[in-house]
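J.: Structure file start-v8.tsv, TSV, C-alpha atoms, is pasted below:
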```
chain	number	residue	atom	x	y	z
A	1406	MET	CA	-7.15	6.03	23.13
A	1407	THR	CA	-9.19	7.85	20.49
A	1408	LYS	CA	-10.55	6.09	17.40
A	1409	LEU	CA	-8.06	3.49	16.22
A	1410	LYS	CA	-6.28	4.17	12.92
A	1411	VAL	CA	-3.20	1.90	13.00
A	1412	ILE	CA	-2.42	-1.51	14.49
A	1413	ILE	CA	1.24	-2.49	14.84
A	1414	PHE	CA	1.93	-6.23	14.87
A	1415	ASP	CA	5.01	-7.98	16.17
A	1416	MET	CA	5.90	-11.02	14.04
A	1417	ASP	CA	7.71	-13.76	15.96
A	1418	GLY	CA	5.39	-15.41	18.47
A	1419	LEU	CA	2.46	-13.17	17.54
A	1420	LEU	CA	1.78	-13.56	13.82
A	1421	ILE	CA	3.88	-16.67	13.31
A	1422	ASP	CA	4.50	-19.55	15.70
A	1423	SER	CA	8.24	-19.16	15.21
A	1424	GLU	CA	9.70	-18.91	18.70
A	1425	GLN	CA	9.46	-22.66	19.21
A	1426	VAL	CA	11.33	-23.12	15.93
A	1427	TYR	CA	14.12	-20.75	16.98
A	1428	TYR	CA	14.42	-22.52	20.31
A	1429	ALA	CA	14.44	-26.03	18.81
A	1430	GLY	CA	17.06	-25.09	16.22
A	1431	SER	CA	19.29	-23.37	18.77
A	1432	GLN	CA	18.96	-26.22	21.25
A	1433	LYS	CA	19.85	-28.81	18.62
A	1434	ILE	CA	23.11	-27.07	17.70
A	1435	ALA	CA	23.93	-26.19	21.31
A	1436	ASP	CA	23.63	-29.87	22.22
A	1437	GLN	CA	25.97	-30.81	19.39
A	1438	TYR	CA	28.62	-28.45	20.77
A	1439	GLN	CA	27.82	-29.32	24.39
A	1440	PHE	CA	26.89	-25.77	25.33
A	1441	ASP	CA	25.13	-25.27	28.65
A	1442	TYR	CA	21.97	-24.11	26.86
A	1443	THR	CA	18.39	-24.59	28.03
A	1444	LYS	CA	14.96	-23.20	27.25
A	1445	GLU	CA	15.55	-20.68	30.04
A	1446	THR	CA	18.65	-19.51	28.16
A	1447	TYR	CA	16.55	-18.98	25.06
A	1448	LEU	CA	13.84	-17.14	26.97
A	1449	ASN	CA	16.42	-14.78	28.47
A	1450	GLY	CA	17.19	-13.58	24.94
A	1451	LEU	CA	13.59	-13.49	23.73
A	1452	GLY	CA	12.70	-10.30	21.89
A	1453	MET	CA	16.29	-9.18	21.33
A	1454	SER	CA	17.51	-8.16	17.90
A	1455	ASP	CA	19.88	-10.63	16.22
A	1456	GLU	CA	22.76	-8.24	16.85
A	1457	ASP	CA	22.02	-7.97	20.56
A	1458	LEU	CA	21.37	-11.72	20.88
A	1459	TYR	CA	24.62	-12.67	19.20
A	1460	ARG	CA	26.54	-10.23	21.37
A	1461	TRP	CA	24.91	-11.81	24.40
A	1462	TYR	CA	25.84	-15.32	23.22
A	1463	HIS	CA	29.47	-14.25	22.95
A	1464	GLU	CA	29.35	-12.83	26.47
A	1465	GLN	CA	27.90	-16.09	27.77
A	1466	TYR	CA	30.04	-18.61	25.91
A	1467	ASP	CA	33.28	-17.15	24.52
A	1468	GLU	CA	35.28	-17.78	27.69
A	1469	LEU	CA	34.13	-21.39	27.90
A	1470	HIS	CA	34.11	-22.39	24.24
A	1471	GLY	CA	36.08	-19.78	22.31
A	1472	LYS	CA	34.86	-17.08	19.96
A	1473	GLU	CA	35.20	-19.22	16.83
A	1474	LEU	CA	33.01	-22.03	18.15
A	1475	VAL	CA	30.40	-19.56	19.34
A	1476	GLU	CA	30.32	-18.07	15.84
A	1477	ARG	CA	29.74	-21.55	14.44
A	1478	PHE	CA	26.94	-22.11	16.95
A	1479	ILE	CA	25.27	-18.85	15.88
A	1480	THR	CA	25.60	-19.55	12.15
A	1481	GLU	CA	24.53	-23.18	12.32
A	1482	SER	CA	21.61	-22.42	14.63
A	1483	TYR	CA	20.35	-19.81	12.17
A	1484	ASP	CA	20.73	-22.20	9.23
A	1485	CYS	CA	18.98	-24.97	11.16
A	1486	CYS	CA	16.02	-22.68	11.86
A	1487	LEU	CA	15.79	-21.65	8.20
A	1488	GLU	CA	15.72	-25.30	7.19
A	1489	MET	CA	12.92	-25.97	9.68
A	1490	PHE	CA	10.92	-23.06	8.26
A	1491	GLU	CA	11.44	-24.39	4.74
A	1492	GLN	CA	10.17	-27.78	5.89
A	1493	GLY	CA	6.94	-26.19	7.05
A	1494	ASP	CA	7.52	-25.34	10.70
A	1495	GLY	CA	6.33	-21.93	11.93
A	1496	LYS	CA	2.64	-21.71	11.00
A	1497	LEU	CA	0.36	-18.70	11.38
A	1498	LYS	CA	-0.99	-18.14	14.88
A	1499	ALA	CA	-4.72	-18.43	15.47
A	1500	GLY	CA	-6.71	-15.39	14.42
A	1501	VAL	CA	-4.21	-13.72	12.09
A	1502	ILE	CA	-6.32	-13.85	8.95
A	1503	GLU	CA	-9.51	-12.96	10.81
A	1504	LEU	CA	-7.92	-9.90	12.40
A	1505	LEU	CA	-6.36	-8.72	9.13
A	1506	ASP	CA	-9.77	-9.04	7.46
A	1507	PHE	CA	-11.32	-7.10	10.34
A	1508	CYS	CA	-8.78	-4.29	9.91
A	1509	HIS	CA	-9.28	-4.20	6.15
A	1510	ASP	CA	-13.07	-3.99	6.47
A	1511	ARG	CA	-12.79	-1.07	8.92
A	1512	LYS	CA	-9.98	0.72	7.05
A	1513	ILE	CA	-7.53	0.32	9.94
A	1514	LYS	CA	-3.95	0.50	8.69
A	1515	THR	CA	-1.65	-2.39	9.61
A	1516	CYS	CA	2.10	-2.80	9.84
A	1517	VAL	CA	4.70	-5.19	11.22
A	1518	ALA	CA	7.39	-3.96	13.61
A	1519	SER	CA	9.92	-6.73	14.26
A	1520	SER	CA	13.36	-6.86	15.84
A	1521	ASN	CA	14.24	-9.51	13.27
A	1522	THR	CA	16.00	-8.75	9.98
A	1523	ARG	CA	14.02	-7.55	6.97
A	1524	GLY	CA	15.09	-10.50	4.84
A	1525	LEU	CA	13.76	-13.08	7.27
A	1526	VAL	CA	10.63	-11.09	8.16
A	1527	GLU	CA	9.62	-10.76	4.54
A	1528	LYS	CA	10.53	-14.39	3.82
A	1529	LEU	CA	8.35	-15.76	6.63
A	1530	LEU	CA	5.41	-13.44	5.93
A	1531	GLN	CA	5.59	-14.27	2.20
A	1532	LYS	CA	5.74	-18.00	2.93
A	1533	GLN	CA	2.53	-17.68	4.95
A	1534	GLY	CA	0.88	-15.58	2.25
A	1535	ILE	CA	0.35	-12.43	4.31
A	1536	LEU	CA	3.22	-10.12	3.32
A	1537	GLU	CA	0.99	-8.06	1.02
A	1538	ARG	CA	-1.65	-7.71	3.72
A	1539	PHE	CA	0.39	-5.06	5.56
A	1540	ASP	CA	0.69	-1.39	4.68
A	1541	ALA	CA	4.29	-1.24	5.92
A	1542	ILE	CA	7.07	-3.38	7.40
A	1543	PHE	CA	9.60	-2.10	9.94
A	1544	THR	CA	12.55	-4.25	11.01
A	1545	ALA	CA	15.84	-4.07	12.88
A	1546	ASP	CA	17.45	-3.05	9.57
A	1547	ASP	CA	15.50	0.21	9.64
A	1548	VAL	CA	16.50	1.55	13.06
A	1549	ALA	CA	19.62	2.08	15.14
A	1550	GLN	CA	18.19	0.20	18.12
A	1551	ALA	CA	15.62	-2.60	18.17
A	1552	LYS	CA	13.21	-3.39	21.01
A	1553	PRO	CA	13.05	-2.57	23.93
A	1554	ASP	CA	14.04	0.75	22.33
A	1555	PRO	CA	10.88	2.43	20.94
A	1556	ALA	CA	12.48	3.31	17.57
A	1557	LEU	CA	10.52	0.72	15.56
A	1558	PHE	CA	7.20	1.99	16.85
A	1559	LEU	CA	8.16	5.63	16.42
A	1560	ALA	CA	9.15	4.84	12.82
A	1561	ALA	CA	5.62	3.55	12.29
A	1562	LYS	CA	4.17	6.71	13.84
A	1563	GLU	CA	6.25	8.84	11.46
A	1564	TYR	CA	5.31	6.73	8.45
A	1565	PHE	CA	1.56	6.90	9.07
A	1566	GLN	CA	1.67	10.52	10.23
A	1567	THR	CA	-0.70	9.85	13.09
A	1568	ASP	CA	-0.78	10.40	16.83
A	1569	VAL	CA	0.18	7.68	19.31
A	1570	SER	CA	-3.34	7.90	20.75
A	1571	GLU	CA	-4.64	6.48	17.46
A	1572	MET	CA	-2.25	3.52	17.40
A	1573	LEU	CA	-2.32	0.10	19.07
A	1574	VAL	CA	0.55	-2.36	19.46
A	1575	LEU	CA	0.04	-6.15	19.63
A	1576	GLU	CA	2.94	-7.96	21.28
A	1577	ASP	CA	3.93	-11.23	22.90
A	1578	SER	CA	7.38	-10.36	24.29
A	1579	HIS	CA	8.44	-8.33	27.30
A	1580	ASN	CA	10.88	-6.29	25.21
A	1581	GLY	CA	8.10	-5.41	22.77
A	1582	ILE	CA	5.81	-4.25	25.54
A	1583	LEU	CA	8.59	-2.16	27.09
A	1584	ALA	CA	9.19	-0.58	23.68
A	1585	ALA	CA	5.51	0.25	23.31
A	1586	ASN	CA	5.48	1.75	26.80
A	1587	GLN	CA	8.44	3.97	25.92
A	1588	ALA	CA	6.70	5.02	22.70
A	1589	GLN	CA	3.63	5.88	24.83
A	1590	MET	CA	1.45	3.61	22.73
A	1591	ALA	CA	-1.34	1.40	23.99
A	1592	VAL	CA	-0.34	-2.27	23.88
A	1593	ILE	CA	-2.21	-5.55	24.16
A	1594	MET	CA	-0.24	-8.65	25.08
A	1595	ILE	CA	-1.00	-12.00	23.45
A	1596	PRO	CA	1.33	-14.26	25.48
A	1597	ASP	CA	3.36	-16.90	23.65
A	1598	LEU	CA	6.28	-18.33	25.62
A	1599	LEU	CA	6.35	-15.75	28.41
A	1600	PRO	CA	3.55	-14.66	30.75
A	1601	PRO	CA	2.91	-10.98	31.57
A	1602	THR	CA	4.64	-9.43	34.58
A	1603	VAL	CA	3.30	-6.90	37.06
A	1604	GLU	CA	5.54	-4.03	35.93
A	1605	MET	CA	4.20	-4.08	32.39
A	1606	GLN	CA	1.74	-1.38	31.35
A	1607	MET	CA	-0.86	-2.95	29.07
A	1608	GLU	CA	-4.37	-2.26	27.84
A	1609	ALA	CA	-5.19	-5.95	28.18
A	1610	VAL	CA	-3.85	-9.50	28.06
A	1611	LEU	CA	-5.81	-11.65	25.59
A	1612	ALA	CA	-5.56	-15.36	24.87
A	1613	SER	CA	-5.26	-15.03	21.09
A	1614	LEU	CA	-5.61	-12.65	18.17
A	1615	LEU	CA	-9.12	-14.05	17.73
A	1616	ASP	CA	-10.12	-12.05	20.81
A	1617	VAL	CA	-8.86	-8.68	19.55
A	1618	PRO	CA	-11.85	-7.58	17.39
A	1619	GLU	CA	-14.33	-8.17	20.21
A	1620	TYR	CA	-12.09	-6.30	22.66
A	1621	LEU	CA	-11.84	-3.32	20.30
A	1622	ALA	CA	-15.60	-3.27	19.77
A	1623	GLU	CA	-16.36	-3.55	23.49
A	1624	HIS	CA	-14.07	-0.65	24.31
A	1625	HIS	CA	-15.42	1.56	21.50
A	1626	LEU	CA	-12.05	1.88	19.80
A	1627	ILE	CA	-13.34	1.32	16.26
```
Could you express the structure from this file as structure tokens?
T.:
Amino acid sequence: MTKLKVIIFDMDGLLIDSEQVYYAGSQKIADQYQFDYTKETYLNGLGMSDEDLYRWYHEQYDELHGKELVERFITESYDCCLEMFEQGDGKLKAGVIELLDFCHDRKIKTCVASSNTRGLVEKLLQKQGILERFDAIFTADDVAQAKPDPALFLAAKEYFQTDVSEMLVLEDSHNGILAANQAQMAVIMIPDLLPPTVEMQMEAVLASLLDVPEYLAEHHLI
């Protein structure tokens, strides 16, 4: 990598501690409808776009429970999660503000690239007071395919008119890392619910966003 000009942030599980909220809300509704749903089920869909996740839910459950009930599960799970966010669940992850300040001080551009919908992305970032801290937001609404397709990251490359060698992706999910690999961008993993696997190509695995500035300084990327 040459001198860093742009950092791309995932949102769920990286900026915001939201994955636990999505799991808890989904598990609550699944239990009500007696779906065979566990944390492993949730993790199998981690990093998918809503469209892909809902399609997967129908594949898993339609035959057992019927399409209509699965639709109710999807809708009520989403509403349950929104209510939990409104009640204050889903706080900022450690190091978010410090890293954004670091980028601002060094004139490194920042953006969010999330497989979630724009409405929810902006809602959660606004609620945590950091929406205006980013130079751009890219969501599943902006591309034909979400992660692990590289389209979100390539949209950021086009927007900033820079080379992939000057960009860094921060991710917590396997699908996000695969997308960064396909976009040929350097990626650092900050694990949330899933550990790294051997097939992933990463610059580093760090414990939290608090460790990113030191890593960048040590590797002469700034």
J.: What are the centre and the three edge lengths of an axis-aligned box that wraps all atoms of region 1411-1420 of chain A in the file, given that 4 Å is added to every side, written as JSON and rounded to one decimal in Å?
T.:
```
{"center_x": 2.3, "center_y": -6.8, "center_z": 15.7, "size_x": 18.9, "size_y": 25.3, "size_z": 13.5}
```
J.: Find the residues around Glu1445 (chain A) up to 12 Å (all atoms listed in the file counted), leave out those fewer than 2 positions away in its own chain, and share them as an mmCIF file with C-alpha atoms, in the coordinates of the input.
T.:
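Printed below is result-v2.cif as written:
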```cif
data_model
loop_
_atom_site.group_PDB
_atom_site.id
_atom_site.type_symbol
_atom_site.label_atom_id
_atom_site.label_comp_id
_atom_site.auth_asym_id
_atom_site.auth_seq_id
_atom_site.Cartn_x
_atom_site.Cartn_y
_atom_site.Cartn_z
ATOM 1 C CA TYR A 1428 14.420 -22.520 20.310
ATOM 2 C CA GLN A 1432 18.960 -26.220 21.250
ATOM 3 C CA ASP A 1441 25.130 -25.270 28.650
ATOM 4 C CA TYR A 1442 21.970 -24.110 26.860
ATOM 5 C CA THR A 1443 18.390 -24.590 28.030
ATOM 6 C CA TYR A 1447 16.550 -18.980 25.060
ATOM 7 C CA LEU A 1448 13.840 -17.140 26.970
ATOM 8 C CA ASN A 1449 16.420 -14.780 28.470
ATOM 9 C CA GLY A 1450 17.190 -13.580 24.940
ATOM 10 C CA LEU A 1451 13.590 -13.490 23.730
ATOM 11 C CA LEU A 1598 6.280 -18.330 25.620
ATOM 12 C CA LEU A 1599 6.350 -15.750 28.410
#
```
J.: Using all atoms listed in the file, which residues sit within 7 Å of region 1534-1550 of chain A once same-chain residues fewer than 2 positions away are excluded, as a ChimeraX atom specification?
T.: /A:1454,1514-1523,1527,1530-1532,1552,1554,1556-1557
J.: Keeping only C-alpha atoms, write those residues as a short mmCIF file (atom, residue, chain, number, x, y, z; two decimals), in the coordinates of the input.
T.:
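The resulting file, again07.cif, is reproduced below:
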```cif
data_model
loop_
_atom_site.label_atom_id
_atom_site.label_comp_id
_atom_site.auth_asym_id
_atom_site.auth_seq_id
_atom_site.Cartn_x
_atom_site.Cartn_y
_atom_site.Cartn_z
CA SER A 1454 17.51 -8.16 17.90
CA LYS A 1514 -3.95 0.50 8.69
CA THR A 1515 -1.65 -2.39 9.61
CA CYS A 1516 2.10 -2.80 9.84
CA VAL A 1517 4.70 -5.19 11.22
CA ALA A 1518 7.39 -3.96 13.61
CA SER A 1519 9.92 -6.73 14.26
CA SER A 1520 13.36 -6.86 15.84
CA ASN A 1521 14.24 -9.51 13.27
CA THR A 1522 16.00 -8.75 9.98
CA ARG A 1523 14.02 -7.55 6.97
CA GLU A 1527 9.62 -10.76 4.54
CA LEU A 1530 5.41 -13.44 5.93
CA GLN A 1531 5.59 -14.27 2.20
CA LYS A 1532 5.74 -18.00 2.93
CA LYS A 1552 13.21 -3.39 21.01
CA ASP A 1554 14.04 0.75 22.33
CA ALA A 1556 12.48 3.31 17.57
CA LEU A 1557 10.52 0.72 15.56
#
```
J.: Just want the 12 Å neighbourhood of Leu1621 (chain A), counted on only C-alpha atoms, with same-chain residues fewer than 6 positions away dropped. Output as a ChimeraX atom specification.
T.: /A:1406-1410,1412,1504,1507-1508,1511,1513,1573,1593,1608-1609,1611,1614-1615,1627
J.: Under the rule that all atoms listed in the file are counted, which of A:Lys1444, A:Gly1418, A:Thr1480, A:Leu1487 is the nearest residue to Tyr1459 (chain A)?
T.: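 Smallest separation from Tyr1459 (chain A) among the options: A:Thr1480.
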J.: Near Gly1493 (chain A), counting all atoms listed in the file, which residues have an atom at most 12 Å away, once you skip same-chain residues fewer than 4 positions from it, shown as an NGL selection string?
T.: :A and (1421-1423 or 1426 or 1486-1489 or 1497 or 1529 or 1532-1533)
J.: What is the CA of Gln1606 (chain A)-CA of Thr1567 (chain A) distance in Å, reported with one decimal?
T.: 21.6 Å
J.: Which distance in Å separates CA of Ala1499 (chain A) and CA of Ile1434 (chain A), to one decimal?
T.: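 A separation of 29.2 Å between them.
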J.: Rounded to one decimal place, report the CA of Glu1424 (chain A)-CA of Ser1482 (chain A) distance in Å.
T.: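 So the answer is 13.1 Å.
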J.: Generate the missing atoms of region 1472-1496 of chain A up to N, CA, C and O atoms and report them as a PDB file, keeping the file's coordinate frame.
T.:
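So selection24.pdb came out as:
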```
ATOM      1  N   LYS A1472      35.658 -17.915  20.851  1.00  0.00           N
ATOM      2  CA  LYS A1472      34.860 -17.080  19.960  1.00  0.00           C
ATOM      3  C   LYS A1472      34.494 -17.796  18.665  1.00  0.00           C
ATOM      4  O   LYS A1472      33.369 -17.681  18.165  1.00  0.00           O
ATOM      5  N   GLU A1473      35.440 -18.559  18.113  1.00  0.00           N
ATOM      6  CA  GLU A1473      35.200 -19.220  16.830  1.00  0.00           C
ATOM      7  C   GLU A1473      34.074 -20.239  16.928  1.00  0.00           C
ATOM      8  O   GLU A1473      33.204 -20.312  16.053  1.00  0.00           O
ATOM      9  N   LEU A1474      34.058 -21.030  17.990  1.00  0.00           N
ATOM     10  CA  LEU A1474      33.010 -22.030  18.150  1.00  0.00           C
ATOM     11  C   LEU A1474      31.650 -21.371  18.390  1.00  0.00           C
ATOM     12  O   LEU A1474      30.620 -21.862  17.907  1.00  0.00           O
ATOM     13  N   VAL A1475      31.650 -20.278  19.112  1.00  0.00           N
ATOM     14  CA  VAL A1475      30.400 -19.560  19.340  1.00  0.00           C
ATOM     15  C   VAL A1475      29.863 -19.019  18.017  1.00  0.00           C
ATOM     16  O   VAL A1475      28.656 -19.054  17.763  1.00  0.00           O
ATOM     17  N   GLU A1476      30.748 -18.532  17.158  1.00  0.00           N
ATOM     18  CA  GLU A1476      30.320 -18.070  15.840  1.00  0.00           C
ATOM     19  C   GLU A1476      29.708 -19.211  15.037  1.00  0.00           C
ATOM     20  O   GLU A1476      28.701 -19.028  14.344  1.00  0.00           O
ATOM     21  N   ARG A1477      30.297 -20.385  15.146  1.00  0.00           N
ATOM     22  CA  ARG A1477      29.740 -21.550  14.440  1.00  0.00           C
ATOM     23  C   ARG A1477      28.370 -21.917  15.003  1.00  0.00           C
ATOM     24  O   ARG A1477      27.444 -22.243  14.251  1.00  0.00           O
ATOM     25  N   PHE A1478      28.230 -21.850  16.320  1.00  0.00           N
ATOM     26  CA  PHE A1478      26.940 -22.110  16.950  1.00  0.00           C
ATOM     27  C   PHE A1478      25.878 -21.142  16.425  1.00  0.00           C
ATOM     28  O   PHE A1478      24.761 -21.544  16.068  1.00  0.00           O
ATOM     29  N   ILE A1479      26.213 -19.863  16.346  1.00  0.00           N
ATOM     30  CA  ILE A1479      25.270 -18.850  15.880  1.00  0.00           C
ATOM     31  C   ILE A1479      24.874 -19.120  14.425  1.00  0.00           C
ATOM     32  O   ILE A1479      23.680 -19.136  14.078  1.00  0.00           O
ATOM     33  N   THR A1480      25.863 -19.336  13.579  1.00  0.00           N
ATOM     34  CA  THR A1480      25.600 -19.550  12.150  1.00  0.00           C
ATOM     35  C   THR A1480      24.798 -20.817  11.906  1.00  0.00           C
ATOM     36  O   THR A1480      23.805 -20.815  11.154  1.00  0.00           O
ATOM     37  N   GLU A1481      25.201 -21.904  12.554  1.00  0.00           N
ATOM     38  CA  GLU A1481      24.530 -23.180  12.320  1.00  0.00           C
ATOM     39  C   GLU A1481      23.132 -23.212  12.936  1.00  0.00           C
ATOM     40  O   GLU A1481      22.230 -23.853  12.395  1.00  0.00           O
ATOM     41  N   SER A1482      22.948 -22.515  14.043  1.00  0.00           N
ATOM     42  CA  SER A1482      21.610 -22.420  14.630  1.00  0.00           C
ATOM     43  C   SER A1482      20.667 -21.689  13.681  1.00  0.00           C
ATOM     44  O   SER A1482      19.516 -22.108  13.460  1.00  0.00           O
ATOM     45  N   TYR A1483      21.155 -20.587  13.120  1.00  0.00           N
ATOM     46  CA  TYR A1483      20.350 -19.810  12.170  1.00  0.00           C
ATOM     47  C   TYR A1483      19.988 -20.660  10.956  1.00  0.00           C
ATOM     48  O   TYR A1483      18.822 -20.697  10.525  1.00  0.00           O
ATOM     49  N   ASP A1484      20.979 -21.365  10.409  1.00  0.00           N
ATOM     50  CA  ASP A1484      20.730 -22.200   9.230  1.00  0.00           C
ATOM     51  C   ASP A1484      19.765 -23.335   9.550  1.00  0.00           C
ATOM     52  O   ASP A1484      18.918 -23.692   8.720  1.00  0.00           O
ATOM     53  N   CYS A1485      19.883 -23.897  10.750  1.00  0.00           N
ATOM     54  CA  CYS A1485      18.980 -24.970  11.160  1.00  0.00           C
ATOM     55  C   CYS A1485      17.544 -24.470  11.227  1.00  0.00           C
ATOM     56  O   CYS A1485      16.613 -25.141  10.773  1.00  0.00           O
ATOM     57  N   CYS A1486      17.360 -23.267  11.768  1.00  0.00           N
ATOM     58  CA  CYS A1486      16.020 -22.680  11.860  1.00  0.00           C
ATOM     59  C   CYS A1486      15.440 -22.410  10.472  1.00  0.00           C
ATOM     60  O   CYS A1486      14.258 -22.684  10.217  1.00  0.00           O
ATOM     61  N   LEU A1487      16.263 -21.888   9.569  1.00  0.00           N
ATOM     62  CA  LEU A1487      15.790 -21.650   8.200  1.00  0.00           C
ATOM     63  C   LEU A1487      15.337 -22.940   7.543  1.00  0.00           C
ATOM     64  O   LEU A1487      14.307 -22.971   6.850  1.00  0.00           O
ATOM     65  N   GLU A1488      16.093 -24.005   7.764  1.00  0.00           N
ATOM     66  CA  GLU A1488      15.720 -25.300   7.190  1.00  0.00           C
ATOM     67  C   GLU A1488      14.384 -25.779   7.762  1.00  0.00           C
ATOM     68  O   GLU A1488      13.535 -26.308   7.024  1.00  0.00           O
ATOM     69  N   MET A1489      14.187 -25.572   9.058  1.00  0.00           N
ATOM     70  CA  MET A1489      12.920 -25.970   9.680  1.00  0.00           C
ATOM     71  C   MET A1489      11.751 -25.171   9.112  1.00  0.00           C
ATOM     72  O   MET A1489      10.674 -25.719   8.857  1.00  0.00           O
ATOM     73  N   PHE A1490      11.968 -23.872   8.878  1.00  0.00           N
ATOM     74  CA  PHE A1490      10.920 -23.060   8.260  1.00  0.00           C
ATOM     75  C   PHE A1490      10.598 -23.556   6.854  1.00  0.00           C
ATOM     76  O   PHE A1490       9.432 -23.623   6.452  1.00  0.00           O
ATOM     77  N   GLU A1491      11.639 -23.895   6.102  1.00  0.00           N
ATOM     78  CA  GLU A1491      11.440 -24.390   4.740  1.00  0.00           C
ATOM     79  C   GLU A1491      10.676 -25.706   4.738  1.00  0.00           C
ATOM     80  O   GLU A1491       9.919 -25.999   3.801  1.00  0.00           O
ATOM     81  N   GLN A1492      10.858 -26.489   5.793  1.00  0.00           N
ATOM     82  CA  GLN A1492      10.170 -27.780   5.890  1.00  0.00           C
ATOM     83  C   GLN A1492       8.732 -27.633   6.366  1.00  0.00           C
ATOM     84  O   GLN A1492       8.000 -28.621   6.439  1.00  0.00           O
ATOM     85  N   GLY A1493       8.333 -26.418   6.696  1.00  0.00           N
ATOM     86  CA  GLY A1493       6.940 -26.190   7.050  1.00  0.00           C
ATOM     87  C   GLY A1493       6.675 -25.828   8.491  1.00  0.00           C
ATOM     88  O   GLY A1493       5.516 -25.599   8.875  1.00  0.00           O
ATOM     89  N   ASP A1494       7.715 -25.768   9.324  1.00  0.00           N
ATOM     90  CA  ASP A1494       7.520 -25.340  10.700  1.00  0.00           C
ATOM     91  C   ASP A1494       7.254 -23.826  10.734  1.00  0.00           C
ATOM     92  O   ASP A1494       7.651 -23.097   9.833  1.00  0.00           O
ATOM     93  N   GLY A1495       6.596 -23.364  11.796  1.00  0.00           N
ATOM     94  CA  GLY A1495       6.330 -21.930  11.930  1.00  0.00           C
ATOM     95  C   GLY A1495       5.063 -21.506  11.205  1.00  0.00           C
ATOM     96  O   GLY A1495       5.107 -20.706  10.271  1.00  0.00           O
ATOM     97  N   LYS A1496       3.925 -22.031  11.629  1.00  0.00           N
ATOM     98  CA  LYS A1496       2.640 -21.710  11.000  1.00  0.00           C
ATOM     99  C   LYS A1496       2.091 -20.380  11.544  1.00  0.00           C
ATOM    100  O   LYS A1496       2.566 -19.843  12.540  1.00  0.00           O
TER     101      LYS A1496
END
```
